[in-house]
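S.K.: File name run_1.cif; file contents mmCIF, C-alpha atoms and all ligand atoms; full text below.
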```cif
data_data
loop_
_atom_site.label_atom_id
_atom_site.label_comp_id
_atom_site.auth_asym_id
_atom_site.auth_seq_id
_atom_site.Cartn_x
_atom_site.Cartn_y
_atom_site.Cartn_z
CA MET A 154 78.73 102.63 154.41
CA ARG A 155 81.19 103.78 157.10
CA PRO A 156 83.68 106.44 155.94
CA ARG A 157 86.68 104.14 156.29
CA VAL A 158 84.98 101.42 154.27
CA VAL A 159 84.15 103.95 151.56
CA ASP A 160 87.79 105.03 151.52
CA TRP A 161 89.19 101.52 151.27
CA THR A 162 86.58 100.64 148.64
CA LEU A 163 87.87 103.59 146.62
CA TYR A 164 91.35 102.26 147.07
CA GLY A 165 90.43 98.73 145.99
CA LEU A 166 88.56 99.83 142.87
CA ALA A 167 91.28 102.29 141.84
CA ALA A 168 93.91 99.57 142.29
CA ILE A 169 91.90 97.14 140.13
CA ALA A 170 91.45 99.86 137.48
CA ALA A 171 95.18 100.65 137.46
CA LEU A 172 96.27 96.99 137.32
CA THR A 173 93.79 96.03 134.61
CA GLY A 174 94.75 99.24 132.76
CA PHE A 175 98.29 97.92 132.37
CA GLY A 176 96.85 94.44 131.87
CA ALA A 177 95.18 95.92 128.77
CA TRP A 178 98.63 95.84 127.18
CA LEU A 179 98.39 92.07 127.15
CA VAL A 180 94.97 92.01 125.48
CA THR A 181 95.42 90.18 122.19
CA ASP A 182 92.05 88.57 121.45
CA GLN A 183 88.40 88.39 122.47
CA HIS A 184 89.27 86.09 125.41
CA SER A 185 91.78 88.45 126.97
CA ARG A 186 89.31 91.29 126.34
CA ALA A 187 87.87 90.27 129.75
CA ILE A 188 90.76 92.25 131.28
CA LEU A 189 89.42 95.44 129.69
CA THR A 190 85.85 94.62 130.68
CA ALA A 191 87.03 94.28 134.30
CA HIS A 192 88.88 97.58 133.83
CA ALA A 193 85.78 99.38 132.63
CA VAL A 194 83.56 97.88 135.37
CA ALA A 195 86.03 98.87 138.13
CA GLY A 196 86.54 102.31 136.57
CA PHE A 197 82.82 103.12 136.47
CA ALA A 198 82.05 101.42 139.81
CA LEU A 199 84.55 103.88 141.32
CA LEU A 200 82.03 106.65 140.62
CA VAL A 201 79.73 105.36 143.37
CA PRO A 202 82.09 105.51 146.40
CA LEU A 203 83.59 108.66 144.89
CA ALA A 204 80.17 110.33 145.00
CA TRP A 205 79.64 109.16 148.63
CA LYS A 206 83.10 110.33 149.60
CA LEU A 207 82.73 113.77 148.00
CA ARG A 208 79.35 114.24 149.66
CA ARG A 209 81.01 113.49 152.99
CA VAL A 210 84.06 115.72 152.58
CA ARG A 211 82.60 118.49 150.43
CA LEU A 212 82.84 121.09 153.19
CA ARG A 213 86.49 120.23 153.84
CA LEU A 214 87.05 120.74 150.15
CA VAL A 215 85.05 123.87 149.32
CA ARG A 216 85.74 125.88 152.49
CA LEU A 217 89.23 127.21 151.97
CA LYS A 218 89.46 127.98 155.68
CA ALA A 219 89.15 124.27 156.41
CA TRP A 220 92.19 123.45 154.25
CA ASP A 221 95.37 122.16 155.83
CA ALA A 222 98.70 121.31 154.23
CA LYS A 223 97.38 117.93 153.07
CA THR A 224 94.21 119.16 151.38
CA PRO A 225 95.80 120.20 148.03
CA ILE A 226 96.78 116.55 147.47
CA SER A 227 93.18 115.50 148.22
CA ALA A 228 91.87 118.06 145.71
CA LEU A 229 94.34 116.90 143.06
CA THR A 230 93.41 113.26 143.74
CA THR A 231 89.77 114.15 143.10
CA ILE A 232 90.65 115.88 139.82
CA ALA A 233 92.81 112.93 138.71
CA ALA A 234 90.06 110.41 139.54
CA LEU A 235 87.48 112.34 137.53
CA ALA A 236 90.00 112.87 134.69
CA ALA A 237 90.90 109.14 134.55
CA ILE A 238 87.27 108.01 134.47
CA GLY A 239 86.21 110.84 132.15
CA SER A 240 89.08 110.42 129.67
CA GLY A 241 88.56 106.62 129.54
CA ALA A 242 84.86 107.01 128.85
CA PHE A 243 85.44 109.83 126.35
CA TRP A 244 87.99 107.81 124.37
CA THR A 245 85.64 104.83 124.06
CA HIS A 246 83.07 107.08 122.37
CA ALA A 247 84.97 109.83 120.58
CA GLN A 248 88.37 108.16 119.87
CA TRP A 249 89.69 111.72 119.95
CA PRO A 250 92.10 113.55 119.96
CA THR A 251 94.12 111.53 117.47
CA GLY A 252 97.41 113.43 117.23
CA TYR A 253 100.14 113.44 119.84
CA PRO A 254 99.13 113.16 122.60
CA ASN A 255 96.05 111.22 121.63
CA GLY A 256 93.10 110.45 123.90
CA MET A 257 94.65 107.17 125.08
CA HIS A 258 97.93 108.89 126.05
CA ILE A 259 95.89 111.43 128.02
CA HIS A 260 93.96 108.63 129.70
CA ILE A 261 97.12 106.74 130.68
CA VAL A 262 98.68 109.91 132.11
CA ALA A 263 95.48 110.62 134.10
CA GLY A 264 95.49 107.00 135.37
CA LEU A 265 99.15 107.21 136.40
CA ALA A 266 98.57 110.58 138.07
CA LEU A 267 95.69 109.06 140.02
CA GLY A 268 97.94 106.18 141.12
CA GLY A 269 100.63 108.55 142.43
CA LEU A 270 98.29 111.08 144.04
CA LEU A 271 96.11 108.46 145.65
CA GLY A 272 99.21 106.82 147.13
CA ALA A 273 100.25 110.19 148.59
CA HIS A 274 96.71 110.93 149.83
CA VAL A 275 96.50 107.59 151.62
CA LEU A 276 99.91 108.11 153.24
CA LEU A 277 98.79 111.55 154.46
CA ARG A 278 95.30 110.57 155.63
CA PHE A 279 95.75 106.89 156.47
CA LYS A 280 93.09 105.41 158.76
CA ARG A 281 93.00 101.70 159.34
CA PRO A 282 89.49 100.23 159.05
CA ALA A 283 88.40 98.33 162.15
CA ARG A 284 86.26 95.20 162.18
CA HIS A 285 83.25 97.14 163.49
CA ASP A 286 83.42 99.48 160.46
CA PHE A 287 82.05 96.71 158.28
CA SER A 288 78.38 95.88 158.31
CA GLY A 289 78.88 92.46 156.74
CA ARG A 290 76.13 91.48 154.35
CA ARG A 291 74.98 95.02 153.77
CA ASP A 292 78.45 96.13 152.64
CA ALA A 293 78.76 93.07 150.43
CA LEU A 294 75.45 93.98 148.76
CA ARG A 295 76.65 97.54 148.25
CA TRP A 296 79.84 96.31 146.62
CA LEU A 297 77.79 94.09 144.32
CA GLY A 298 75.59 97.08 143.55
CA MET A 299 78.62 99.18 142.59
CA LEU A 300 79.99 96.50 140.29
CA GLY A 301 76.49 96.01 138.85
CA PHE A 302 76.32 99.75 138.15
CA GLY A 303 79.70 99.60 136.37
CA ALA A 304 78.68 96.51 134.39
CA ALA A 305 75.28 97.96 133.40
CA LEU A 306 76.90 101.06 131.94
CA LEU A 307 78.94 99.10 129.40
CA PRO A 308 76.16 97.76 127.13
CA ALA A 309 74.41 101.12 127.43
CA LYS A 310 77.58 102.88 126.24
CA GLU A 311 78.00 100.51 123.31
CA ALA A 312 74.32 101.00 122.35
CA LEU A 313 74.95 104.75 122.37
CA ASN A 314 78.02 104.29 120.15
CA ARG A 315 75.96 102.31 117.64
CA ALA A 316 72.82 104.48 117.77
CA LEU A 317 74.76 107.71 117.15
CA GLY A 318 77.34 106.12 114.84
CA LEU A 319 80.14 107.40 117.09
CA PRO A 320 83.78 106.58 116.23
CA GLY A 321 83.95 104.38 119.35
CA ALA A 322 81.70 101.84 117.59
CA GLN A 323 84.63 101.15 115.21
CA ARG A 324 87.29 100.64 117.86
CA ARG A 325 89.16 97.36 118.10
CA PHE A 326 88.55 95.02 121.07
CA THR A 327 91.70 96.51 122.62
CA GLY A 328 90.14 99.98 122.58
CA SER A 329 92.47 101.12 119.79
CA ARG A 330 91.28 103.31 116.93
CA HIS A 331 91.89 102.54 113.30
CA ALA A 332 94.76 104.33 111.55
CA GLY A 333 96.10 104.07 108.02
CA SER A 334 95.79 100.40 107.04
CA ASP A 335 97.40 99.51 103.69
CA SER A 336 99.00 102.92 103.39
CA GLY A 337 102.66 101.90 103.15
CA ASN A 338 104.70 103.88 105.65
CA ALA A 339 101.92 106.41 106.19
CA PHE A 340 100.64 104.86 109.42
CA PRO A 341 101.38 106.40 112.82
CA ILE A 342 104.81 106.19 114.41
CA THR A 343 105.25 105.38 118.09
CA ASN A 344 108.71 105.22 119.60
CA TRP A 345 109.30 103.56 122.92
CA LEU A 346 110.56 105.87 125.71
CA PHE A 347 114.10 106.92 124.66
CA ASP A 348 114.43 104.86 121.47
CA ARG A 349 115.50 107.46 118.90
CA PRO A 350 118.40 105.90 116.97
CA THR A 351 120.08 107.72 114.11
CA PRO A 352 119.17 106.16 110.75
CA ILE A 353 121.09 102.93 110.25
CA ASP A 354 123.94 102.90 107.73
CA THR A 355 123.10 99.63 105.96
CA SER A 356 126.63 99.39 104.45
CA ARG A 357 127.91 98.74 108.00
CA TRP A 358 124.87 97.11 109.65
CA ARG A 359 124.68 93.30 109.90
CA LEU A 360 122.04 90.92 111.22
CA THR A 361 123.44 88.25 113.54
CA VAL A 362 121.58 85.04 114.39
CA ARG A 363 123.15 83.21 117.35
CA GLY A 364 122.53 81.57 120.75
CA ALA A 365 121.38 77.97 121.17
CA THR A 366 122.16 77.21 117.53
CA ALA A 367 124.54 74.91 115.67
CA ARG A 368 126.04 77.87 113.74
CA VAL A 369 126.19 81.64 113.93
CA LEU A 370 124.92 83.59 110.97
CA SER A 371 125.95 87.13 110.15
CA LEU A 372 124.25 88.74 107.16
CA SER A 373 124.87 92.05 105.44
CA ASP A 374 121.97 94.05 104.02
CA ALA A 375 122.88 92.81 100.52
CA GLU A 376 123.00 89.17 101.65
CA LEU A 377 119.67 89.59 103.39
CA ALA A 378 118.12 91.00 100.22
CA ARG A 379 119.07 87.78 98.35
CA LEU A 380 117.12 85.54 100.79
CA PRO A 381 113.63 84.39 99.78
CA GLN A 382 110.95 86.84 100.91
CA THR A 383 107.53 86.03 102.31
CA SER A 384 104.47 88.17 103.07
CA LEU A 385 102.31 88.27 106.14
CA ARG A 386 99.08 90.17 106.76
CA ALA A 387 99.05 91.32 110.36
CA THR A 388 97.65 94.03 112.59
CA LEU A 389 99.98 96.27 114.51
CA ASP A 390 98.01 97.29 117.61
CA CYS A 391 99.86 99.88 119.62
CA THR A 392 99.29 100.29 123.36
CA GLY A 393 99.29 104.01 122.52
CA GLY A 394 95.72 103.49 121.27
CA TRP A 395 95.80 102.90 117.50
CA TYR A 396 95.92 99.91 115.14
CA SER A 397 96.84 99.42 111.52
CA THR A 398 96.54 96.34 109.31
CA GLN A 399 99.26 95.93 106.70
CA THR A 400 100.78 93.37 104.38
CA TRP A 401 104.35 93.03 105.61
CA ARG A 402 107.13 91.54 103.49
CA GLY A 403 110.49 90.21 104.58
CA ILE A 404 112.36 87.19 105.87
CA SER A 405 110.57 84.40 107.71
CA VAL A 406 112.10 83.92 111.17
CA GLY A 407 111.47 80.17 110.77
CA ALA A 408 113.61 80.12 107.62
CA LEU A 409 116.44 81.99 109.39
CA LEU A 410 116.32 79.56 112.31
CA ASP A 411 116.48 76.61 109.90
CA GLN A 412 119.70 78.08 108.44
CA VAL A 413 121.45 78.18 111.83
CA GLY A 414 120.15 74.84 113.15
CA VAL A 415 118.31 75.38 116.41
CA LEU A 416 119.47 73.11 119.28
CA PRO A 417 116.83 70.85 120.93
CA SER A 418 117.15 72.84 124.19
CA ALA A 419 115.93 76.06 122.50
CA ARG A 420 112.70 77.52 123.92
CA PHE A 421 112.58 81.24 123.15
CA VAL A 422 113.86 83.63 120.53
CA SER A 423 114.89 87.14 121.47
CA PHE A 424 114.93 90.02 118.99
CA VAL A 425 117.45 92.74 119.85
CA SER A 426 117.35 96.28 118.52
CA VAL A 427 120.30 98.59 117.85
CA THR A 428 118.90 100.65 120.74
CA GLY A 429 119.32 97.75 123.20
CA TYR A 430 115.53 97.24 123.32
CA ARG A 431 114.62 93.57 123.08
CA TRP A 432 111.66 91.23 123.30
CA SER A 433 111.34 87.45 123.04
CA LEU A 434 108.74 85.00 121.81
CA PRO A 435 108.28 81.26 122.43
CA ILE A 436 110.08 79.42 119.66
CA ALA A 437 106.98 78.13 117.81
CA GLU A 438 105.52 81.64 117.74
CA ALA A 439 108.85 83.12 116.68
CA ARG A 440 109.02 80.70 113.75
CA ALA A 441 105.71 82.07 112.46
CA ALA A 442 106.92 85.67 112.79
CA LEU A 443 108.53 87.83 110.14
CA LEU A 444 111.49 90.18 110.02
CA ALA A 445 109.98 92.79 107.74
CA THR A 446 111.94 94.86 105.24
CA HIS A 447 108.82 96.20 103.50
CA VAL A 448 105.35 97.41 104.41
CA GLY A 449 102.91 97.17 101.49
CA ASP A 450 105.08 97.85 98.44
CA GLU A 451 107.37 100.31 100.22
CA PRO A 452 110.69 99.63 101.93
CA LEU A 453 110.21 100.27 105.66
CA ASP A 454 111.26 103.79 106.55
CA HIS A 455 113.59 104.58 109.42
CA TRP A 456 110.95 105.42 112.04
CA HIS A 457 109.08 102.21 111.28
CA GLY A 458 112.26 100.24 112.05
CA ALA A 459 114.35 99.99 108.83
CA PRO A 460 116.20 97.95 107.83
CA LEU A 461 114.38 95.20 109.80
CA ARG A 462 111.46 95.12 112.22
CA LEU A 463 109.78 92.21 113.89
CA VAL A 464 106.20 91.44 112.86
CA ALA A 465 104.68 89.32 115.62
CA PRO A 466 101.00 88.66 114.76
CA GLY A 467 98.69 88.76 117.77
CA ARG A 468 101.22 90.60 119.95
CA ARG A 469 100.91 94.24 120.98
CA GLY A 470 103.01 96.78 119.11
CA PHE A 471 105.63 97.30 121.82
CA MET A 472 106.76 93.70 121.24
CA TRP A 473 107.34 94.29 117.50
CA VAL A 474 111.02 95.20 117.93
CA LYS A 475 112.31 97.81 115.47
CA TRP A 476 115.84 98.21 114.03
CA VAL A 477 116.63 94.55 114.74
CA ARG A 478 120.35 93.71 114.76
CA GLU A 479 120.36 90.33 116.52
CA VAL A 480 118.20 87.24 116.76
CA VAL A 481 119.24 85.22 119.81
CA VAL A 482 117.93 81.71 120.43
CA LEU A 483 117.46 81.11 124.17
CA THR A 484 116.98 78.10 126.39
CA GLN A 485 115.31 80.14 129.19
CA PRO A 486 112.78 82.97 129.32
CA ASP A 487 114.50 86.36 129.13
CA LEU A 488 113.45 88.22 132.30
CA GLY A 489 116.10 90.85 131.59
CA GLN A 490 113.99 92.17 128.70
CA TRP A 491 111.75 93.87 131.28
CA VAL A 492 114.79 95.90 132.36
CA ALA A 493 116.16 96.38 128.84
CA ILE A 494 112.99 98.12 127.66
CA PHE A 495 113.52 100.80 130.30
CA THR A 496 117.25 101.26 129.68
CA SER A 497 117.29 101.13 125.89
CA GLY A 498 118.08 104.33 124.05
CA PRO A 499 119.86 106.04 121.20
CA ASP A 500 123.37 105.43 122.52
CA ALA A 501 123.10 101.67 122.90
CA THR A 502 124.50 99.51 120.10
C1 LIG A 601 89.85 108.32 144.35
C2 LIG A 601 90.00 108.25 145.64
C3 LIG A 601 89.92 109.38 146.64
C4 LIG A 601 89.57 110.70 146.48
C5 LIG A 601 89.20 111.40 145.18
C6 LIG A 601 89.63 111.32 147.78
C7 LIG A 601 89.34 112.65 148.04
C8 LIG A 601 89.36 113.24 149.28
C9 LIG A 601 88.98 114.60 149.58
C10 LIG A 601 88.58 115.63 148.52
C11 LIG A 601 89.09 114.80 150.90
C12 LIG A 601 88.76 116.10 151.66
C13 LIG A 601 89.93 116.99 151.78
C14 LIG A 601 90.84 116.58 152.89
O1 LIG A 601 90.38 116.40 154.03
O2 LIG A 601 92.04 116.43 152.65
C15 LIG A 601 89.53 113.56 151.50
C16 LIG A 601 89.72 113.33 152.84
C17 LIG A 601 90.14 112.14 153.40
N1 LIG A 601 90.47 111.00 152.69
FE1 LIG A 601 90.26 110.69 150.73
N2 LIG A 601 90.02 110.38 148.71
C18 LIG A 601 90.21 109.19 148.06
C19 LIG A 601 90.62 107.99 148.61
C20 LIG A 601 90.97 107.84 149.93
C21 LIG A 601 91.52 106.63 150.47
C22 LIG A 601 91.84 105.37 149.66
C23 LIG A 601 91.72 106.84 151.81
C24 LIG A 601 92.24 105.92 152.87
C25 LIG A 601 92.41 104.67 152.70
C26 LIG A 601 91.26 108.18 152.09
C27 LIG A 601 91.26 108.77 153.34
C28 LIG A 601 90.83 110.05 153.62
C29 LIG A 601 90.73 110.60 154.96
C30 LIG A 601 91.02 109.87 156.26
C31 LIG A 601 90.30 111.92 154.81
C32 LIG A 601 90.07 112.94 155.93
C33 LIG A 601 88.62 113.24 156.03
C34 LIG A 601 87.87 112.16 156.74
O3 LIG A 601 88.36 111.62 157.74
O4 LIG A 601 86.80 111.83 156.26
N3 LIG A 601 90.82 108.75 150.93
N4 LIG A 601 89.67 112.62 150.47
C1 LIG A 602 93.21 103.99 137.97
C2 LIG A 602 93.15 104.64 136.89
C3 LIG A 602 92.20 104.36 135.74
C4 LIG A 602 90.82 104.48 135.71
C5 LIG A 602 89.92 104.91 136.83
C6 LIG A 602 90.39 104.11 134.39
C7 LIG A 602 89.08 104.13 133.94
C8 LIG A 602 88.66 103.83 132.66
C9 LIG A 602 87.31 103.92 132.18
C10 LIG A 602 86.11 104.34 133.01
C11 LIG A 602 87.31 103.54 130.87
C12 LIG A 602 86.11 103.48 129.93
C13 LIG A 602 85.70 102.06 129.72
C14 LIG A 602 84.59 101.86 128.71
O1 LIG A 602 83.81 102.78 128.49
O2 LIG A 602 84.50 100.76 128.14
C15 LIG A 602 88.67 103.20 130.52
C16 LIG A 602 89.08 102.75 129.28
C17 LIG A 602 90.34 102.31 128.98
N1 LIG A 602 91.45 102.37 129.81
FE1 LIG A 602 91.48 103.07 131.72
N2 LIG A 602 91.50 103.76 133.65
C18 LIG A 602 92.62 103.91 134.44
C19 LIG A 602 93.93 103.66 134.08
C20 LIG A 602 94.33 103.11 132.88
C21 LIG A 602 95.67 102.77 132.54
C22 LIG A 602 96.88 103.01 133.45
C23 LIG A 602 95.64 102.22 131.27
C24 LIG A 602 96.74 101.70 130.42
C25 LIG A 602 97.98 101.60 130.77
C26 LIG A 602 94.26 102.20 130.82
C27 LIG A 602 93.81 101.70 129.61
C28 LIG A 602 92.52 101.81 129.15
C29 LIG A 602 92.08 101.35 127.84
C30 LIG A 602 92.94 100.64 126.77
C31 LIG A 602 90.72 101.68 127.73
C32 LIG A 602 89.81 101.44 126.51
C33 LIG A 602 88.91 100.29 126.79
C34 LIG A 602 87.87 100.09 125.72
O3 LIG A 602 88.01 100.53 124.58
O4 LIG A 602 86.85 99.45 126.00
N3 LIG A 602 93.49 102.75 131.82
N4 LIG A 602 89.47 103.38 131.62
#
```
Spit out the file's structure as structure tokens when you get a sec.
Ligand code: HEM
Ligand code: HEM

M.R.:
Amino acid sequence: MRPRVVDWTLYGLAAIAALTGFGAWLVTDQHSRAILTAHAVAGFALLVPLAWKLRRVRLRLVRLKAWDAKTPISALTTIAALAAIGSGAFWTHAQWPTGYPNGMHIHIVAGLALGGLLGAHVLLRFKRPARHDFSGRRDALRWLGMLGFGAALLPAKEALNRALGLPGAQRRFTGSRHAGSDSGNAFPITNWLFDRPTPIDTSRWRLTVRGATARVLSLSDAELARLPQTSLRATLDCTGGWYSTQTWRGISVGALLDQVGVLPSARFVSFVSVTGYRWSLPIAEARAALLATHVGDEPLDHWHGAPLRLVAPGRRGFMWVKWVREVVVLTQPDLGQWVAIFTSGPDAT
């Protein structure tokens, strides 16, 4: 393969790995698991052009005299590529480390670092491939070979997990490791970016239900406690790499919506946190969701979202809004939520 084709193949595979890496956040069932399979195939296939590339440029890399001002970025790109592939593979076997940062955090950071460094490396060393760089069928076969190599590794890795009884054999289809099911509040805590509110004073806090509704409802903590409670068994699967199955107890969103009378034009329901963080669900899905006050037999603690957190079965953890203060019925999808999740923080109300 011509050098420029190797380079752009590296670029293509790294881009697929990065995109499907973030796509992994949308993996909710065995069907969407295909995103992670594509991720793993692209990630491992990357090893092939990487090996060709490093063979080609090894002298530029190991001979310090050959270095120019751009070479440090190339060296760091190489380290980040090996770290991203290595940490991904390691996590799927060892599911370690488990604290903060855990192996998945490390993997995401390595993946992001690769994205940034590779972008810089390409800007510094850009060479446009020409038509004559491609050898047509032969290149196509090589690309197939690379993907085949990536795909062949996956069953072999799972066989290794099973044969050695490695922790990776127990991971969920999202790649997450198990943590503290049915343990009340004793499951891990993950807070989004800057969301660190002070504990909520429930004597002043109210839940408001409004939007495309016949009435507005505003409930104090005491009024909320008098509403009928329901339970829901659901798995919180955090994009930070862990999952926990709990029995959640609280107020059915469907029951709340019935109290305010949803207008026929309603299509989505948005859940807004005291931090300004918000996420929305299609109305039918929102009806089946729960605003939890309890986990197991314990009242939710502050860091798990007291006094109310959304329990949205089948959705990834970052959509399970904590410290909910408003339920807003919408007639349109809420694109602004993609901005709100990056601007939310302790000072918002
Ligand atoms: C994971 C992906 C990549 C890694 C790890 C990597 C690594 C390296 C290393 C270690 C060098 C030698 C040091 C240097 O000359 O600066 C180098 C050189 C170079 N890289 Fe990359 N690279 C990657 C992707 C790319 C891509 C996507 C492009 C362009 C589209 C590219 C274009 C070049 C060019 C033009 C050189 C100069 C040497 C030559 O012409 O062969 N590289 N790369
Ligand atoms: C371009 C950078 C990246 C590369 C090269 C890469 C590569 C890999 C590799 C080789 C694996 C092991 C797959 C397996 O053994 O099944 C893996 C796993 C994983 N990666 Fe990445 N990754 C990158 C970025 C990301 C990002 C940015 C995310 C998330 C935002 C992510 C999420 C995951 C997840 C969830 C797994 C576990 C999959 C499983 O359990 O089967 N990756 N990655």

S.K.: Which residue out of A:Val275, A:Ala332, A:Cys391, A:Leu453 has the minimum interatomic distance to A:His258 when only C-alpha atoms are used?

M.R.: A:Cys391

S.K.: Looking at all atoms listed in the file, which of A:Arg324, A:Arg208, A:Arg290, A:Lys223 is the one that sits closest to ligand LIG 602 (chain A)?

M.R.: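 Looking only at the distances to ligand LIG 602 (chain A), the closest residue turns out to be A:Arg324.
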
S.K.: Using all atoms listed in the file, what does the table of chain A residues within 6 Å of ligand LIG 601 (chain A) look like, with each row giving the shortest atom pair and its distance in Å to one decimal, sorted by chain and ascending number, as CSV?

M.R.:
```
residue,atom,partner,partner_atom,distance
A:Asp160,CA,A:LIG601,C21,4.2
A:Trp161,CA,A:LIG601,C25,4.7
A:Leu163,CA,A:LIG601,C2,5.2
A:Tyr164,CA,A:LIG601,C22,4.1
A:Val210,CA,A:LIG601,C12,4.8
A:Arg213,CA,A:LIG601,C13,5.2
A:Leu214,CA,A:LIG601,C13,5.0
A:Lys223,CA,A:LIG601,O2,5.6
A:Thr224,CA,A:LIG601,O2,3.7
A:Ser227,CA,A:LIG601,C9,4.5
A:Ala228,CA,A:LIG601,C10,5.0
A:Thr230,CA,A:LIG601,C5,4.8
A:Thr231,CA,A:LIG601,C5,3.5
A:Ala234,CA,A:LIG601,C1,5.2
A:Val275,CA,A:LIG601,C24,4.7
A:Arg278,CA,A:LIG601,C30,4.4
A:Phe279,CA,A:LIG601,C24,5.1
A:Lys280,CA,A:LIG601,C30,5.5
```

S.K.: Grab the atom CA of A:Val482 to atom CA of A:Ser371 distance for me, in Å with one decimal place.

M.R.: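 Computed distance, atom CA of A:Val482 to atom CA of A:Ser371, equals 14.1 Å.
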
S.K.: Could you tell me, as a PyMOL selection string, which residues have any atom at most 12 Å from (112.3, 94.5, 117.0), counting only C-alpha atoms?

M.R.: chain A and resi 344-345+348+360+422-434+439+442-446+457-465+470-481+494

S.K.: Please identify all protein, DNA and RNA residues within 8 Å of ligand LIG 602 (chain A), counting only C-alpha atoms and all ligand atoms, and report them as a VMD selection string.

M.R.: chain A and resid 166 to 178 189 to 190 192 to 197 199 234 to 235 237 to 246 257 260 to 265 267 to 268 306 to 307 310 321 324 to 329 392 394

S.K.: With C-alpha atoms retained, write the just-selected residues as an mmCIF file, in the coordinates of the input.

M.R.:
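Saved as result_26.cif:
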```cif
data_model
loop_
_atom_site.group_PDB
_atom_site.id
_atom_site.type_symbol
_atom_site.label_atom_id
_atom_site.label_comp_id
_atom_site.auth_asym_id
_atom_site.auth_seq_id
_atom_site.Cartn_x
_atom_site.Cartn_y
_atom_site.Cartn_z
ATOM 1 C CA LEU A 166 88.560 99.830 142.870
ATOM 2 C CA ALA A 167 91.280 102.290 141.840
ATOM 3 C CA ALA A 168 93.910 99.570 142.290
ATOM 4 C CA ILE A 169 91.900 97.140 140.130
ATOM 5 C CA ALA A 170 91.450 99.860 137.480
ATOM 6 C CA ALA A 171 95.180 100.650 137.460
ATOM 7 C CA LEU A 172 96.270 96.990 137.320
ATOM 8 C CA THR A 173 93.790 96.030 134.610
ATOM 9 C CA GLY A 174 94.750 99.240 132.760
ATOM 10 C CA PHE A 175 98.290 97.920 132.370
ATOM 11 C CA GLY A 176 96.850 94.440 131.870
ATOM 12 C CA ALA A 177 95.180 95.920 128.770
ATOM 13 C CA TRP A 178 98.630 95.840 127.180
ATOM 14 C CA LEU A 189 89.420 95.440 129.690
ATOM 15 C CA THR A 190 85.850 94.620 130.680
ATOM 16 C CA HIS A 192 88.880 97.580 133.830
ATOM 17 C CA ALA A 193 85.780 99.380 132.630
ATOM 18 C CA VAL A 194 83.560 97.880 135.370
ATOM 19 C CA ALA A 195 86.030 98.870 138.130
ATOM 20 C CA GLY A 196 86.540 102.310 136.570
ATOM 21 C CA PHE A 197 82.820 103.120 136.470
ATOM 22 C CA LEU A 199 84.550 103.880 141.320
ATOM 23 C CA ALA A 234 90.060 110.410 139.540
ATOM 24 C CA LEU A 235 87.480 112.340 137.530
ATOM 25 C CA ALA A 237 90.900 109.140 134.550
ATOM 26 C CA ILE A 238 87.270 108.010 134.470
ATOM 27 C CA GLY A 239 86.210 110.840 132.150
ATOM 28 C CA SER A 240 89.080 110.420 129.670
ATOM 29 C CA GLY A 241 88.560 106.620 129.540
ATOM 30 C CA ALA A 242 84.860 107.010 128.850
ATOM 31 C CA PHE A 243 85.440 109.830 126.350
ATOM 32 C CA TRP A 244 87.990 107.810 124.370
ATOM 33 C CA THR A 245 85.640 104.830 124.060
ATOM 34 C CA HIS A 246 83.070 107.080 122.370
ATOM 35 C CA MET A 257 94.650 107.170 125.080
ATOM 36 C CA HIS A 260 93.960 108.630 129.700
ATOM 37 C CA ILE A 261 97.120 106.740 130.680
ATOM 38 C CA VAL A 262 98.680 109.910 132.110
ATOM 39 C CA ALA A 263 95.480 110.620 134.100
ATOM 40 C CA GLY A 264 95.490 107.000 135.370
ATOM 41 C CA LEU A 265 99.150 107.210 136.400
ATOM 42 C CA LEU A 267 95.690 109.060 140.020
ATOM 43 C CA GLY A 268 97.940 106.180 141.120
ATOM 44 C CA LEU A 306 76.900 101.060 131.940
ATOM 45 C CA LEU A 307 78.940 99.100 129.400
ATOM 46 C CA LYS A 310 77.580 102.880 126.240
ATOM 47 C CA GLY A 321 83.950 104.380 119.350
ATOM 48 C CA ARG A 324 87.290 100.640 117.860
ATOM 49 C CA ARG A 325 89.160 97.360 118.100
ATOM 50 C CA PHE A 326 88.550 95.020 121.070
ATOM 51 C CA THR A 327 91.700 96.510 122.620
ATOM 52 C CA GLY A 328 90.140 99.980 122.580
ATOM 53 C CA SER A 329 92.470 101.120 119.790
ATOM 54 C CA THR A 392 99.290 100.290 123.360
ATOM 55 C CA GLY A 394 95.720 103.490 121.270
#
```

S.K.: Would you work out the distance separating atom CA of A:Val448 from atom CA of A:Arg402, expressed in Å to one decimal?

M.R.: 6.2 Å

S.K.: Given the choices A:Leu380, A:Ala233, A:Ala273, A:Ala304, which gets closest to A:Ile259 if the distance is worked out from all atoms listed in the file?

M.R.: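 For A:Ile259, the nearest of the candidates is A:Ala233.
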
S.K.: What gap, in Å, lies between atom CA of A:Thr484 and atom CA of A:Ser418?

M.R.: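 For atom CA of A:Thr484 relative to atom CA of A:Ser418, the distance reads 5.7 Å.
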
S.K.: Can you work out which one of A:Thr388, A:Asn338, A:Gln382, A:Thr496 has the shortest atom-to-atom distance to A:Ser405, counting all atoms listed in the file?

M.R.: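 Distance minimum relative to A:Ser405 lands on A:Gln382.
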
S.K.: Could you check the closest approach to A:Pro254 for each of A:Trp395, A:Arg211, A:Leu313, A:Phe347 and tell me which residue wins, using all atoms listed in the file?

M.R.: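 The closest residue to A:Pro254 is A:Trp395.
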
S.K.: Could you name the residues that touch A:Thr398 at 10 Å or less, counting only C-alpha atoms, but leaving out those on the same chain fewer than 6 positions away, as JSON, numbers by chain?

M.R.: {"A": [331, 332, 333, 334, 335, 336, 340, 386, 387, 388, 389, 390]}
